[in-house]
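Novice: Structure below; questions to follow.
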Amino acid sequence: MSDQPSGVPAENEADGTLRKAAVRQEGGHEDAPRREAAPGDAGPPRSSARMTKQAAAPGGRRSDASHGASHGASSWAAYEPPPPPAWVTAAKPEEPPPIGGAALWAVLATGTLAGLLLGDGLGLNVLLAALPAALAAYFAGRAAGRGIHPWSLVWAAGGTALLLVPALRDAGWPTFLALAAALATGSLALHGTRTWRGTLIGCVGVFGEVLPGVLWAWHGLRERADGSRDRWWPVVRTAGVAVVLLAVFGALFAGADAAFADLLAGLVPEVSVSDGPAHALLFVLGAAAALGAARTAAAPWRWDRVEGGRGRPRGRMEWALPLVVLNALFAVFIAIQLAVLFGGYDKVLSETGLTYSEYARQGFWQLLTVTLLTLVVIALALRWAPRGAARDRTLVRAVLGVLCALTLVVVLSALRRMELYVDAYGLTRLRVSVAGIELWFGIVIVLIMAAGVFGGRWLPRAVVASAAAAVLCFGLVSPDGLVAEQNVRRFERTGQIDLAYLRGLSADAVPALDTLPEPQRSCALRDIARDVLDGDKPWYATSYGETRARAVLTDRPADRMEFPCWELDREGRTPESR
């Protein structure tokens with residue numbers, strides 16, 4: 001009698017022989033008990049499955065069709081996706097909780113304000129649209145159990161201050177820098193990172209969460225909509241009734257009183273049918289940005305957990321000798337610069353054959369490059385610095401400290417050359433920008449020196465914070481106004497001014513250009529006045545600089561020209577003064 005349970009056919013001789021061969025091939029024993037198939041198993045081993053198929057085919061062989069079918073099925077069943085890289089596993093966030101009602105309403109407010117306010121220009125509307133997005137991130141983070149770190153408050157305060165620049169300045173280039181810096185600081189406020197890698201990636205990390213944020217909100221809405229119609233439908237109905245009442249009675253009051261109509265026209269955005277697609281696109285972009293911020297606040301990527309390998313430490317002599325030689329070169333150069341600063345310009349210019357302005361212009365760009373390359377050298381030196389004992393750390397601090405101190409003197413020399421260059425040729429947007437960059441390089445070097453004394457855990461965040469502060473100061477000082485003031489002073493001193501260049505400045509330059517005598521004043525302000533007075537922007541898209549310029553040009557129009565501006569030469573001189 002067979003030992004097999006009833007209902008199971010007895011194994012024939014051929015099948016038994018094949019099974020024994022399969023067991024021996026897999027390294028097992030023929031008498032070993034068969035393992036029950038667990039849920040999710042891919043099936044029997046490929047070798048035994050192949051032999052069973054061959055035995056089932058006529059003559060011990062299987063056809064090509066059965067071979068292809070069985071091979072494809074076993075391949076798909078046994079396929080497992082490769083595991084993600086280690087850095088993804090380390091940095092990947094946890095699954096966030098479903099989006100809450102408060103965050104959804106804040107997202108809706110962000111999209112509405114973006115669609116209504118951002119189509120007419122940039123001003124206070126940027127800050128008005130960003131505030132509900134910040135609230136959406138706060139509500140989502142609180143629902144996920146995240147607290148507020150002090151550095152997050154610093155980044156949030158910095159981003160808010162940067163969003164004030166479009167409301168204060170009319171110039172486009174400081175506004176662009178301020179908006180980019182505000183996005184970076186806002187992203188850092190949501191991530192809360194400490195390391196170099198986490199800080200640099202965290203500046204742009206929120207952009208990668210826009211699409212996941214939209215999907216997260218969609219799933220949350222579907223869950224909330226199932227069986228919750230009694231909760232959200234009264235809210236929608238009440239909001240709709242309120243909008244209808246405001247529209248009807250507001251239109252009646254506007255028709256009854258002209259003053260109320262003017263007030264209402266100034267406060268309420270004007271939306272036309274032709275601008276509908278643009279407003280709809282801005283609504284979608286604003287809502288998507290708010291969802292990305294909320295998703296990041298609920299479950300940010302942990303970039304600090306990604307471990308980066310440090311460079312192999314070098315020997316003391318191998319590491320220190322190149323830097324000591326570089327320090328000696330810096331010292332020789334600085335000794336010559338000190339001699340020049342203490343009255344040696346005439347001798348240097350006589351030996352080089354350069355003019356005063358050519359000497360200043362030739363040196364600044366090279367010194368700017370030297371400062372940047374020195375920062376790169378310091379970063380690489382820290383990567384391969386010897387760190388075995390206390391003597392090694394002392395050597396690193398001494399060599400790099402001397403290099404940083406000498407680099408600060410190079411920064412001062414570069415700024416001095418820029419000052420000489422501006423005295424000779426005047427100030428431009430490019431020159432004030434690169435001078436600001438050189439000054440920020442000096443601040444970074446000071447921070448590196450402080451990190452060598454007090455420790456460098458705070459250095460990544462301090463460097464990024466200094467960059468954001470530099471952009472904020474750059475926007476608040478009004479670079480276009482600074483360019484205009486310097487060129488006006490140069491005209492008073494030398495009688496030379498580049499009116500063609502000044503006409504391309506923004507409305508921020510009007511107060512300074514208004515102090516020029518005629519006809520230079522009218523020629524410098526002609527194009528700016530056309531842009532300012534012909535523009536009809538609402539209050540939320542008008543900057544303080546543009547409002548101030550409109551007041552100046554309304555009181556004193558720029559049309560008091562005795563003869564055409566083209567008769568003024570490039571130096572701004574009239575025919576009588578040439």
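Starting from 1 in every chain, residues are counted up; chains themselves are A, B, ... following the order of the structure tokens, and ligands are numbered from 1 as listed.
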Report the closest atom pair, with its distance in Å rounded to one decimal, for each residue of region 387-499 of chain A that has an atom no farther than 12 Å from region 297-312 of chain A; count only C-alpha atoms, sort by chain and then rising residue number, and write it as JSON lines.
Specialist:
```
{"residue": "A:Arg387", "atom": "CA", "partner": "A:Arg312", "partner_atom": "CA", "distance": 10.0}
{"residue": "A:Gly388", "atom": "CA", "partner": "A:Arg312", "partner_atom": "CA", "distance": 11.4}
{"residue": "A:Pro460", "atom": "CA", "partner": "A:Asp304", "partner_atom": "CA", "distance": 11.9}
```
Novice: Suppose we keep N, CA and C atoms; can you now write the selection as a PDB file, in the first residue's frame?
Specialist:
```
ATOM      1  N   ARG A 387      44.860  64.073  10.306  1.00  0.00           N
ATOM      2  CA  ARG A 387      43.986  64.213  11.474  1.00  0.00           C
ATOM      3  C   ARG A 387      44.208  63.070  12.472  1.00  0.00           C
ATOM      4  N   GLY A 388      45.450  62.642  12.586  1.00  0.00           N
ATOM      5  CA  GLY A 388      45.708  61.521  13.466  1.00  0.00           C
ATOM      6  C   GLY A 388      45.913  61.920  14.909  1.00  0.00           C
ATOM      7  N   PRO A 460      28.368  75.135   7.645  1.00  0.00           N
ATOM      8  CA  PRO A 460      27.536  75.092   6.426  1.00  0.00           C
ATOM      9  C   PRO A 460      26.340  76.026   6.497  1.00  0.00           C
TER      10      PRO A 460
END
```
Novice: Give me the residues near Ala103 (chain A) as a compact mmCIF listing (two decimals) with C-alpha atoms, in the first residue's frame, where near means some atom within 7 Å (using only C-alpha atoms) and where sequence neighbours in that chain fewer than 4 positions away do not count.
Specialist:
```txt
# COMPACT_ATOMS: atom_id res chain seq x y z
CA ILE A 99 -3.12 65.91 4.29
CA VAL A 107 -3.09 75.49 -0.41
CA ALA A 136 0.18 75.02 4.66
CA PHE A 139 -0.13 72.72 9.38
CA ALA A 140 1.28 69.70 7.51
```
Novice: Between A:Leu127, A:Ala144, A:Leu291, A:Ala278, which residue has the minimum interatomic distance to Glu94 (chain A), considering only C-alpha atoms?
Specialist: A:Ala144
Novice: For each of A:Met418, A:Leu329, A:Leu200, A:Ala134, take the minimum atom-to-atom distance to Thr296 (chain A), counting only C-alpha atoms, then give the residue where this is smallest.
Specialist: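 For Thr296 (chain A), the nearest of the given residues is A:Ala134.
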Novice: Which of region 131-225 of chain A end up as helix (DSSP H, G or I) when DSSP is run on this backbone - answer as a PyMOL selection string?
Specialist: chain A and resi 131-143+150-162+165-168+172-191+196-202+205-225
Novice: With a distance cut-off of 6 Å and only C-alpha atoms, select the neighbouring residues of Cys523 (chain A), excluding the residue or stretch itself and same-chain residues fewer than 3 positions from it, and output the selection as an MDAnalysis selection string.
Specialist: chainID A and resid 520 526 565
Novice: Could you pull the residues within 7 Å of Ala114 (chain A), counting only C-alpha atoms, minus those fewer than 2 positions along the same chain, as a list in words?
Specialist: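 The filter keeps Thr110, Gly111, Thr112, Leu116, Leu117, Leu118, Ala129, Leu282, Phe283 and Gly286 of chain A.
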Novice: Could you write out the selected residues, including N, CA and C atoms, as a tab-separated table (two decimals), in the first residue's frame?
Specialist:
```tsv
chain	number	residue	atom	x	y	z
A	110	THR	N	-3.37	79.84	-1.37
A	110	THR	CA	-2.14	80.16	-2.13
A	110	THR	C	-2.42	80.19	-3.62
A	111	GLY	N	-3.09	79.16	-4.14
A	111	GLY	CA	-3.41	79.15	-5.56
A	111	GLY	C	-4.29	80.30	-5.97
A	112	THR	N	-5.27	80.66	-5.14
A	112	THR	CA	-6.17	81.76	-5.48
A	112	THR	C	-5.42	83.09	-5.52
A	116	LEU	N	-4.74	85.45	-8.86
A	116	LEU	CA	-5.33	86.78	-8.94
A	116	LEU	C	-4.30	87.89	-8.91
A	117	LEU	N	-3.19	87.71	-8.20
A	117	LEU	CA	-2.28	88.82	-7.93
A	117	LEU	C	-0.98	88.80	-8.73
A	118	LEU	N	-0.50	87.64	-9.14
A	118	LEU	CA	0.85	87.57	-9.71
A	118	LEU	C	0.89	87.85	-11.20
A	129	ALA	N	1.13	86.00	-1.52
A	129	ALA	CA	0.89	84.64	-2.00
A	129	ALA	C	1.73	83.61	-1.26
A	282	LEU	N	-1.31	80.35	-13.27
A	282	LEU	CA	-0.72	80.82	-12.03
A	282	LEU	C	-1.37	80.17	-10.82
A	283	PHE	N	-2.67	79.91	-10.90
A	283	PHE	CA	-3.35	79.20	-9.81
A	283	PHE	C	-2.78	77.80	-9.63
A	286	GLY	N	0.81	78.04	-8.23
A	286	GLY	CA	0.82	78.41	-6.82
A	286	GLY	C	0.36	77.28	-5.92
```
Novice: Skip Leu323 (chain A) itself and residues of its chain fewer than 2 positions away, then list as a list in words all residues within 12 Å of it, counting only C-alpha atoms.
Specialist: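 With the cut-off at 12 Å, the set is Arg316, Met317, Glu318, Trp319, Ala320, Leu321, Val325, Leu326, Asn327, Ala328, Leu329, Phe330, Thr374, Val377, Ile378, Leu380, Ala381, Leu382, Ala385, Leu395, Val396, Arg397, Ala398, Val399, Leu400, Gly401, Val402, Leu403 and Cys404 of chain A.
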Novice: Enter the distance from CA of Ala558 (chain A) to CA of Arg169 (chain A), in Å, rounded to one decimal.
Specialist: 21.2 Å
Novice: Residues near Leu430 (chain A), anyone? I mean within 12 Å using only C-alpha atoms, not counting same-chain ones fewer than 6 positions away, as number ranges by chain.
Specialist: A: 173, 418, 422, 436-437, 479-480, 483
Novice: So that I can see what lies close to Thr428 (chain A), please list as a list in words the residues with an atom at most 10 Å from it, counting only C-alpha atoms and leaving out residues fewer than 2 positions away in the same chain.
Specialist: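 Final neighbour list, sorted by chain and number: Val422, Tyr425, Gly426, Leu430, Arg431, Val432, Ser433, Pro479, Asp480, Leu482, Val483, Ala484, Gln486, Asn487, Tyr501, Leu502 and Leu505 of chain A.
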Novice: Just write the chosen residues, N, CA and C atoms, as a PDB file, in the first residue's frame.
Specialist:
```pdb
ATOM      1  N   VAL A 422      36.411 102.486 -10.266  1.00  0.00           N
ATOM      2  CA  VAL A 422      35.149 103.233 -10.296  1.00  0.00           C
ATOM      3  C   VAL A 422      35.412 104.733 -10.354  1.00  0.00           C
ATOM      4  N   TYR A 425      36.264 105.301 -14.141  1.00  0.00           N
ATOM      5  CA  TYR A 425      35.296 104.982 -15.194  1.00  0.00           C
ATOM      6  C   TYR A 425      33.841 105.054 -14.746  1.00  0.00           C
ATOM      7  N   GLY A 426      33.580 105.201 -13.464  1.00  0.00           N
ATOM      8  CA  GLY A 426      32.211 105.229 -12.998  1.00  0.00           C
ATOM      9  C   GLY A 426      31.735 103.846 -12.558  1.00  0.00           C
ATOM     10  N   LEU A 430      27.489  95.758 -13.223  1.00  0.00           N
ATOM     11  CA  LEU A 430      28.443  94.667 -13.147  1.00  0.00           C
ATOM     12  C   LEU A 430      29.490  94.923 -12.076  1.00  0.00           C
ATOM     13  N   ARG A 431      29.975  96.122 -11.994  1.00  0.00           N
ATOM     14  CA  ARG A 431      31.033  96.423 -11.040  1.00  0.00           C
ATOM     15  C   ARG A 431      30.539  96.366  -9.605  1.00  0.00           C
ATOM     16  N   VAL A 432      29.345  96.849  -9.357  1.00  0.00           N
ATOM     17  CA  VAL A 432      28.833  96.761  -7.990  1.00  0.00           C
ATOM     18  C   VAL A 432      28.510  95.313  -7.624  1.00  0.00           C
ATOM     19  N   SER A 433      28.141  94.501  -8.610  1.00  0.00           N
ATOM     20  CA  SER A 433      27.840  93.094  -8.331  1.00  0.00           C
ATOM     21  C   SER A 433      29.094  92.318  -7.970  1.00  0.00           C
ATOM     22  N   PRO A 479      20.875  98.851  -5.620  1.00  0.00           N
ATOM     23  CA  PRO A 479      22.074  98.975  -6.460  1.00  0.00           C
ATOM     24  C   PRO A 479      21.907  99.975  -7.606  1.00  0.00           C
ATOM     25  N   ASP A 480      20.730 100.057  -8.215  1.00  0.00           N
ATOM     26  CA  ASP A 480      20.539 101.043  -9.276  1.00  0.00           C
ATOM     27  C   ASP A 480      20.641 102.461  -8.737  1.00  0.00           C
ATOM     28  N   LEU A 482      22.410 103.289  -6.135  1.00  0.00           N
ATOM     29  CA  LEU A 482      23.822 103.480  -5.817  1.00  0.00           C
ATOM     30  C   LEU A 482      24.628 103.815  -7.062  1.00  0.00           C
ATOM     31  N   VAL A 483      24.335 103.140  -8.173  1.00  0.00           N
ATOM     32  CA  VAL A 483      25.021 103.429  -9.432  1.00  0.00           C
ATOM     33  C   VAL A 483      24.738 104.865  -9.868  1.00  0.00           C
ATOM     34  N   ALA A 484      23.480 105.291  -9.769  1.00  0.00           N
ATOM     35  CA  ALA A 484      23.123 106.650 -10.181  1.00  0.00           C
ATOM     36  C   ALA A 484      23.799 107.688  -9.288  1.00  0.00           C
ATOM     37  N   GLN A 486      26.618 107.485  -7.573  1.00  0.00           N
ATOM     38  CA  GLN A 486      28.048 107.565  -7.819  1.00  0.00           C
ATOM     39  C   GLN A 486      28.341 108.284  -9.132  1.00  0.00           C
ATOM     40  N   ASN A 487      27.560 108.024 -10.155  1.00  0.00           N
ATOM     41  CA  ASN A 487      27.793 108.672 -11.432  1.00  0.00           C
ATOM     42  C   ASN A 487      27.445 110.160 -11.382  1.00  0.00           C
ATOM     43  N   TYR A 501      23.972 105.000 -20.688  1.00  0.00           N
ATOM     44  CA  TYR A 501      23.906 103.904 -19.733  1.00  0.00           C
ATOM     45  C   TYR A 501      22.882 104.202 -18.642  1.00  0.00           C
ATOM     46  N   LEU A 502      22.830 105.415 -18.160  1.00  0.00           N
ATOM     47  CA  LEU A 502      21.921 105.762 -17.070  1.00  0.00           C
ATOM     48  C   LEU A 502      20.464 105.667 -17.498  1.00  0.00           C
ATOM     49  N   LEU A 505      18.661 102.378 -16.495  1.00  0.00           N
ATOM     50  CA  LEU A 505      18.440 101.984 -15.103  1.00  0.00           C
ATOM     51  C   LEU A 505      16.948 101.940 -14.802  1.00  0.00           C
TER      52      LEU A 505
END
```
